[in-house]
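Raw my_file37.txt, compact mmCIF, C-alpha atoms:
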# COMPACT_ATOMS: atom_id res chain seq x y z
CA MET A 1 -97.17 -24.33 36.76
CA ALA A 2 -98.90 -26.00 33.85
CA LEU A 3 -96.90 -29.15 34.40
CA GLN A 4 -96.52 -29.23 38.17
CA ALA A 5 -99.99 -28.28 39.44
CA LYS A 6 -101.46 -31.06 41.56
CA GLU A 7 -104.88 -30.93 39.97
CA LEU A 8 -104.91 -31.33 36.20
CA ILE A 9 -107.58 -28.64 35.82
CA TYR A 10 -105.33 -26.07 37.48
CA GLY A 11 -102.60 -27.12 35.10
CA ALA A 12 -104.88 -26.42 32.14
CA VAL A 13 -105.75 -22.99 33.51
CA ALA A 14 -102.05 -22.22 34.01
CA LEU A 15 -101.45 -23.31 30.43
CA ALA A 16 -104.09 -20.83 29.27
CA VAL A 17 -102.42 -18.07 31.26
CA SER A 18 -99.03 -18.84 29.72
CA PHE A 19 -100.59 -18.82 26.24
CA ILE A 20 -102.00 -15.37 26.95
CA GLY A 21 -98.51 -14.30 28.02
CA ILE A 22 -97.10 -15.49 24.71
CA ALA A 23 -99.84 -13.54 22.95
CA GLY A 24 -98.49 -10.51 24.81
CA PHE A 25 -95.03 -11.24 23.37
CA PHE A 26 -96.59 -11.31 19.90
CA VAL A 27 -98.06 -7.86 20.53
CA PHE A 28 -94.59 -6.61 21.48
CA LEU A 29 -93.28 -8.10 18.24
CA ASP A 30 -95.73 -6.05 16.15
CA ALA A 31 -97.79 -9.11 15.25
CA PRO A 32 -101.26 -8.25 16.59
CA TYR A 33 -102.89 -10.68 14.20
CA LEU A 34 -100.83 -13.53 15.64
CA ALA A 35 -101.74 -12.43 19.16
CA MET A 36 -105.42 -12.51 18.25
CA LEU A 37 -105.01 -15.90 16.62
CA GLN A 38 -103.08 -17.21 19.62
CA ILE A 39 -105.82 -16.20 22.05
CA ALA A 40 -108.65 -17.39 19.81
CA ILE A 41 -107.17 -20.77 18.94
CA TYR A 42 -105.04 -21.72 21.93
CA VAL A 43 -107.06 -20.24 24.76
CA GLY A 44 -110.42 -20.43 23.04
CA ALA A 45 -110.19 -23.82 21.41
CA ILE A 46 -107.34 -25.97 22.65
CA VAL A 47 -107.63 -25.23 26.35
CA VAL A 48 -111.40 -25.69 26.25
CA LEU A 49 -110.94 -29.00 24.43
CA ILE A 50 -108.38 -30.02 27.06
CA LEU A 51 -110.81 -29.12 29.83
CA PHE A 52 -113.53 -31.24 28.23
CA THR A 53 -111.20 -34.19 27.93
CA ILE A 54 -110.04 -33.80 31.51
CA MET A 55 -113.64 -33.94 32.66
CA LEU A 56 -114.26 -37.07 30.59
CA VAL A 57 -111.14 -38.80 31.90
CA ARG A 58 -111.42 -37.30 35.31
CA ARG A 59 -112.20 -40.14 37.72
CA GLU A 60 -108.85 -41.75 37.48
CA VAL A 61 -106.80 -38.67 36.78
CA SER A 62 -107.37 -37.01 40.11
CA GLU A 63 -107.18 -40.08 42.30
CA GLU A 64 -104.82 -42.71 41.12
CA LEU A 65 -102.37 -40.77 39.03
CA ALA A 66 -100.52 -38.50 41.42
CA ASP A 67 -98.03 -37.85 38.60
CA ARG A 68 -95.10 -37.24 40.87
CA PRO A 69 -91.99 -38.60 39.22
CA GLU A 70 -89.57 -40.75 41.15
CA HIS A 71 -86.71 -38.75 42.53
CA ALA A 72 -83.94 -39.89 40.19
CA GLU A 73 -86.18 -39.65 37.15
CA GLY A 74 -87.26 -36.11 37.94
CA ALA A 75 -83.69 -35.02 38.60
CA ALA A 76 -82.52 -36.53 35.31
CA GLY A 77 -85.27 -34.79 33.36
CA LEU A 78 -84.50 -31.52 35.10
CA TRP A 79 -80.80 -31.83 34.25
CA LEU A 80 -81.54 -32.65 30.61
CA ALA A 81 -83.98 -29.77 30.14
CA GLY A 82 -81.85 -27.32 32.08
CA LEU A 83 -78.71 -28.20 30.15
CA LEU A 84 -80.52 -27.81 26.83
CA ALA A 85 -82.15 -24.49 27.74
CA VAL A 86 -78.98 -23.04 29.27
CA SER A 87 -76.86 -24.03 26.29
CA ILE A 88 -79.31 -22.51 23.80
CA ALA A 89 -79.67 -19.37 25.87
CA GLY A 90 -75.89 -19.19 26.27
CA VAL A 91 -75.37 -19.40 22.52
CA ALA A 92 -78.00 -16.69 22.04
CA ALA A 93 -76.35 -14.48 24.65
CA LEU A 94 -72.86 -15.00 23.20
CA ALA A 95 -74.10 -14.21 19.72
CA GLY A 96 -75.86 -11.16 21.10
CA PRO A 97 -73.57 -8.49 19.65
CA ASN A 98 -73.72 -10.11 16.22
CA LEU A 99 -77.50 -10.41 16.15
CA PRO A 100 -79.35 -7.80 14.13
CA THR A 101 -80.68 -4.90 16.12
CA GLU A 102 -84.27 -3.91 15.89
CA PRO A 103 -85.22 -1.98 12.76
CA GLN A 104 -86.67 1.36 13.67
CA SER A 105 -90.08 1.29 12.06
CA ALA A 106 -91.84 -2.01 11.87
CA ASN A 107 -94.68 -0.79 9.67
CA LEU A 108 -96.28 -4.18 9.15
CA PRO A 109 -100.01 -3.61 8.82
CA VAL A 110 -102.23 -6.62 9.32
CA SER A 111 -103.54 -6.11 5.80
CA ASP A 112 -100.12 -7.17 4.46
CA LEU A 113 -100.58 -10.67 5.77
CA GLY A 114 -103.53 -11.61 3.56
CA PRO A 115 -101.94 -10.90 0.16
CA VAL A 116 -98.70 -12.64 1.17
CA LEU A 117 -100.72 -15.62 2.35
CA ALA A 118 -102.74 -15.80 -0.84
CA THR A 119 -100.07 -15.00 -3.43
CA GLN A 120 -96.74 -16.23 -2.06
CA TYR A 121 -97.95 -19.28 -0.15
CA PRO A 122 -101.14 -20.52 -1.85
CA ILE A 123 -100.19 -24.21 -1.95
CA PRO A 124 -99.47 -24.53 1.80
CA LEU A 125 -102.79 -22.83 2.45
CA VAL A 126 -104.65 -25.47 0.45
CA ILE A 127 -102.64 -28.26 2.05
CA LEU A 128 -103.46 -26.80 5.45
CA ALA A 129 -107.17 -26.83 4.65
CA LEU A 130 -106.96 -30.47 3.55
CA LEU A 131 -104.97 -31.33 6.68
CA MET A 132 -107.58 -29.65 8.86
CA SER A 133 -110.49 -31.55 7.38
CA ALA A 134 -108.56 -34.82 7.47
CA ALA A 135 -107.55 -34.27 11.09
CA LEU A 136 -111.08 -33.39 12.15
CA LEU A 137 -112.52 -36.44 10.44
CA GLY A 138 -109.80 -38.61 11.91
CA ALA A 139 -110.43 -37.28 15.41
CA LEU A 140 -114.15 -37.92 15.04
CA VAL A 141 -113.62 -41.48 13.81
CA LEU A 142 -111.08 -42.15 16.58
CA ALA A 143 -113.33 -40.84 19.32
CA LYS A 144 -116.28 -42.88 18.05
CA VAL A 145 -114.54 -46.27 18.29
CA GLU A 146 -116.39 -48.90 20.28
CA LYS A 147 -114.91 -51.17 22.86
CA MET B 1 -86.29 -1.57 22.98
CA VAL B 2 -85.97 -5.22 23.90
CA ALA B 3 -83.08 -7.09 22.36
CA LEU B 4 -83.58 -10.17 20.23
CA THR B 5 -81.56 -12.12 22.79
CA SER B 6 -84.28 -11.71 25.42
CA TYR B 7 -86.85 -13.35 23.20
CA LEU B 8 -84.44 -16.16 22.41
CA ILE B 9 -83.80 -16.76 26.11
CA VAL B 10 -87.52 -16.87 26.90
CA SER B 11 -88.00 -19.28 24.03
CA ALA B 12 -85.15 -21.49 25.23
CA ALA B 13 -86.68 -21.54 28.72
CA LEU B 14 -90.03 -22.59 27.27
CA LEU B 15 -88.31 -25.33 25.28
CA GLY B 16 -86.57 -26.53 28.43
CA ILE B 17 -89.83 -26.66 30.36
CA GLY B 18 -91.44 -28.60 27.53
CA ILE B 19 -88.58 -31.10 27.27
CA TYR B 20 -88.71 -31.61 31.03
CA GLY B 21 -92.45 -32.36 30.82
CA LEU B 22 -91.98 -34.71 27.88
CA SER B 23 -89.30 -36.72 29.60
CA VAL B 24 -90.61 -36.89 33.16
CA LYS B 25 -94.41 -36.80 33.16
CA LYS B 26 -96.52 -39.95 33.22
CA ASN B 27 -99.92 -38.49 32.47
CA ALA B 28 -100.63 -38.41 28.74
CA MET B 29 -102.49 -35.14 29.21
CA ARG B 30 -99.46 -33.41 30.68
CA ILE B 31 -97.33 -34.71 27.83
CA LEU B 32 -99.76 -32.98 25.47
CA PHE B 33 -99.34 -29.78 27.52
CA ALA B 34 -95.58 -30.09 27.11
CA ILE B 35 -95.90 -30.51 23.35
CA GLU B 36 -98.02 -27.36 23.15
CA ILE B 37 -95.43 -25.44 25.17
CA ILE B 38 -92.65 -26.54 22.80
CA VAL B 39 -94.69 -25.50 19.75
CA ASN B 40 -95.23 -22.12 21.38
CA ALA B 41 -91.48 -21.71 21.91
CA ALA B 42 -90.91 -22.32 18.20
CA ASN B 43 -93.66 -19.84 17.27
CA LEU B 44 -92.12 -17.19 19.50
CA ASN B 45 -88.76 -17.69 17.80
CA PHE B 46 -90.29 -17.33 14.35
CA ALA B 47 -92.12 -14.15 15.29
CA ALA B 48 -89.02 -12.66 16.93
CA PHE B 49 -86.66 -13.42 14.05
CA THR B 50 -89.06 -12.15 11.41
CA ARG B 51 -89.56 -8.94 13.37
CA TYR B 52 -85.82 -8.32 13.62
CA MET B 53 -85.16 -8.78 9.91
CA ASN B 54 -84.16 -5.64 8.08
CA PRO B 55 -86.58 -4.62 6.62
CA PRO B 56 -89.19 -6.51 8.71
CA GLN B 57 -90.99 -9.24 6.83
CA VAL B 58 -94.34 -10.95 7.27
CA SER B 59 -93.27 -14.38 5.99
CA GLY B 60 -92.34 -15.52 9.49
CA GLN B 61 -95.79 -14.55 10.69
CA VAL B 62 -97.27 -16.65 7.90
CA ILE B 63 -95.26 -19.62 9.14
CA VAL B 64 -96.51 -19.03 12.68
CA PHE B 65 -100.03 -18.91 11.27
CA TYR B 66 -99.59 -22.35 9.71
CA SER B 67 -97.92 -23.64 12.83
CA ILE B 68 -100.78 -22.51 15.09
CA ALA B 69 -103.31 -24.19 12.81
CA ALA B 70 -101.28 -27.39 12.73
CA ALA B 71 -100.93 -27.33 16.52
CA ALA B 72 -104.69 -27.01 16.88
CA MET B 73 -105.20 -30.05 14.66
CA GLU B 74 -102.54 -31.94 16.57
CA ALA B 75 -104.27 -31.16 19.87
CA ALA B 76 -107.63 -32.36 18.52
CA VAL B 77 -106.19 -35.65 17.30
CA GLY B 78 -104.10 -36.11 20.44
CA LEU B 79 -107.08 -35.59 22.71
CA ALA B 80 -109.13 -38.04 20.65
CA LEU B 81 -106.30 -40.56 21.02
CA ILE B 82 -106.19 -39.99 24.78
CA LEU B 83 -109.96 -40.51 24.96
CA VAL B 84 -109.73 -43.79 23.05
CA ALA B 85 -106.77 -44.96 25.13
CA PHE B 86 -108.72 -44.17 28.29
CA ARG B 87 -111.81 -45.99 27.05
CA LEU B 88 -109.90 -49.10 26.01
CA ASN B 89 -107.46 -49.28 28.92
CA SER B 90 -109.13 -47.12 31.56
CA THR B 91 -105.84 -45.38 32.24
CA ILE B 92 -103.83 -42.64 30.57
CA ASP B 93 -100.62 -43.40 32.42
CA VAL B 94 -98.14 -43.77 29.58
CA ARG B 95 -96.01 -46.11 31.68
CA LYS B 96 -98.93 -48.55 31.83
CA LEU B 97 -99.95 -48.28 28.19
CA ASN B 98 -97.51 -50.95 27.10
CA LYS B 99 -99.66 -53.35 25.11
CA LEU B 100 -97.35 -53.00 22.11
CA LYS B 101 -94.42 -54.24 24.16
CA GLY B 102 -93.37 -57.71 23.10
As structure tokens, the full file:
Amino acid sequence: MALQAKELIYGAVALAVSFIGIAGFFVFLDAPYLAMLQIAIYVGAIVVLILFTIMLVRREVSEELADRPEHAEGAAGLWLAGLLAVSIAGVAALAGPNLPTEPQSANLPVSDLGPVLATQYPIPLVILALLMSAALLGALVLAKVEK
Amino acid sequence: MVALTSYLIVSAALLGIGIYGLSVKKNAMRILFAIEIIVNAANLNFAAFTRYMNPPQVSGQVIVFYSIAAAAMEAAVGLALILVAFRLNSTIDVRKLNKLKG
């Protein structure tokens, strides 16, 4: 849906829906914090940013760029992706009996995440903060360039 | 409950969809969509594997946390790049953005 919708805006909305679906998977996996983060960042920030950009680039997007691949090209991409996905899924299914079964009690309160983040992984956290500021500044400088 | 295999299959399907978009689509915006889908497949795998460890651990969730933040940054920079490319070339068709070609 996200990739095949005729209008790019519909594609962005479908992308948001699929992100919400993945947030649902996170809830099933006893990671409510990740689900919250997924909805807040992906649906709240990234999709909105994408929508803004689509509106800025709109004129040409909707008219000229039909974005339908040529027949052979689309078939080749489909084969490649299908082969990859089926082989990975096949390996997963074959390894099924050997995979660990679900532990009975998950018992992972959200409050566990903070201490682990701050004590076991402090350096990545700082690097992440630096990366964020650098990326934001870079995006600003890029978007401000004159013709 | 749901087996780990189901999550892995969903994740593989997402990866396949993303690879298809990366290899076939012409619109730079859709390529960005595909990248986001692939990142989400990886996140789902991390969350599933960390949940099925015995005893369950939170370290995988920490990695997903970092990954989501990095993906947000990547989307911001990518969209800025698309904006600049559109302003300079007035197209975001990646087949036409071939100024670097000798």
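Nearest-residue note for chain B: choosing from A:Leu130, A:Ala85, A:Ile9, A:Val91, the minimum distance belongs to A:Ala85, counting all atoms listed in the file.
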Just give me the gap between CA of Lys25 in chain B and CA of Leu44 in chain B in Å, one decimal is fine.
24.0 Å
Mind checking which residues fall within 7 Å of range 56-73 of chain B, counting all atoms listed in the file, ignoring those fewer than 5 positions away in the same chain, and posting them as number ranges by chain?
A: 34, 46, 106, 113, 117, 132, 135; B: 43, 46-47, 50-51
Could you tell me how far CA of Leu8 in chain A sits from CA of Met55 in chain A, in Å to one decimal place?
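The value is 9.8 Å.
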Any idea which chain B residues end up within 7 Å of chain A if we count only C-alpha atoms, as a ChimeraX atom specification please?
/B:5,8-9,12-13,15-17,19-21,23-27,30,47-48,51-52,54-56,58,62,65,72-73,75-77,79-81,83-84,86,88
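Atom to atom, CA of Ile38 in chain B and CA of Gly18 in chain B stand 5.3 Å apart.
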Please, what is the axis-aligned box for every listed atom of range 12-28 of chain B with 8 Å on each side, as centre and edge lengths in Å to one decimal, as AutoDock Vina command-line options?
--center_x -92.9 --center_y -30.7 --center_z 29.2 --size_x 31.5 --size_y 34.5 --size_z 24.0
Rebuild range 25-47 of chain B so that it carries N, CA and C atoms, then output the result as a short mmCIF file (atom, residue, chain, number, x, y, z; two decimals), in the frame of the given file.
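Below you can see part_18.cif, which holds the result:
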data_model
loop_
_atom_site.label_atom_id
_atom_site.label_comp_id
_atom_site.auth_asym_id
_atom_site.auth_seq_id
_atom_site.Cartn_x
_atom_site.Cartn_y
_atom_site.Cartn_z
N LYS B 25 -93.01 -36.62 32.77
CA LYS B 25 -94.41 -36.80 33.16
C LYS B 25 -94.95 -38.16 32.73
N LYS B 26 -95.91 -38.67 33.53
CA LYS B 26 -96.52 -39.95 33.22
C LYS B 26 -97.91 -39.80 32.61
N ASN B 27 -98.55 -38.70 32.93
CA ASN B 27 -99.92 -38.49 32.47
C ASN B 27 -99.90 -38.03 31.02
N ALA B 28 -100.65 -38.75 30.16
CA ALA B 28 -100.63 -38.41 28.74
C ALA B 28 -101.09 -36.98 28.50
N MET B 29 -102.00 -36.50 29.36
CA MET B 29 -102.49 -35.14 29.21
C MET B 29 -101.38 -34.12 29.41
N ARG B 30 -100.55 -34.36 30.42
CA ARG B 30 -99.46 -33.41 30.68
C ARG B 30 -98.42 -33.46 29.57
N ILE B 31 -98.26 -34.63 28.96
CA ILE B 31 -97.33 -34.71 27.83
C ILE B 31 -97.85 -33.85 26.69
N LEU B 32 -99.18 -33.85 26.49
CA LEU B 32 -99.76 -32.98 25.47
C LEU B 32 -99.52 -31.51 25.82
N PHE B 33 -99.65 -31.16 27.10
CA PHE B 33 -99.34 -29.78 27.52
C PHE B 33 -97.91 -29.42 27.11
N ALA B 34 -96.99 -30.37 27.39
CA ALA B 34 -95.58 -30.09 27.11
C ALA B 34 -95.36 -29.87 25.62
N ILE B 35 -96.05 -30.68 24.79
CA ILE B 35 -95.90 -30.51 23.35
C ILE B 35 -96.37 -29.12 22.94
N GLU B 36 -97.51 -28.69 23.50
CA GLU B 36 -98.02 -27.36 23.15
C GLU B 36 -97.03 -26.27 23.55
N ILE B 37 -96.40 -26.45 24.72
CA ILE B 37 -95.43 -25.44 25.17
C ILE B 37 -94.25 -25.36 24.21
N ILE B 38 -93.79 -26.54 23.72
CA ILE B 38 -92.65 -26.54 22.80
C ILE B 38 -93.02 -25.85 21.49
N VAL B 39 -94.25 -26.15 20.99
CA VAL B 39 -94.69 -25.50 19.75
C VAL B 39 -94.73 -23.99 19.93
N ASN B 40 -95.17 -23.56 21.12
CA ASN B 40 -95.23 -22.12 21.38
C ASN B 40 -93.84 -21.50 21.40
N ALA B 41 -92.85 -22.23 21.93
CA ALA B 41 -91.48 -21.71 21.91
C ALA B 41 -91.02 -21.50 20.48
N ALA B 42 -91.31 -22.46 19.61
CA ALA B 42 -90.91 -22.32 18.20
C ALA B 42 -91.61 -21.13 17.56
N ASN B 43 -92.91 -20.97 17.84
CA ASN B 43 -93.66 -19.84 17.27
C ASN B 43 -93.05 -18.52 17.70
N LEU B 44 -92.69 -18.44 18.98
CA LEU B 44 -92.12 -17.19 19.50
C LEU B 44 -90.82 -16.86 18.78
N ASN B 45 -90.00 -17.91 18.53
CA ASN B 45 -88.76 -17.69 17.80
C ASN B 45 -89.02 -17.16 16.41
N PHE B 46 -89.97 -17.78 15.71
CA PHE B 46 -90.29 -17.33 14.35
C PHE B 46 -90.70 -15.87 14.35
N ALA B 47 -91.62 -15.52 15.26
CA ALA B 47 -92.12 -14.15 15.29
C ALA B 47 -90.99 -13.18 15.60
#
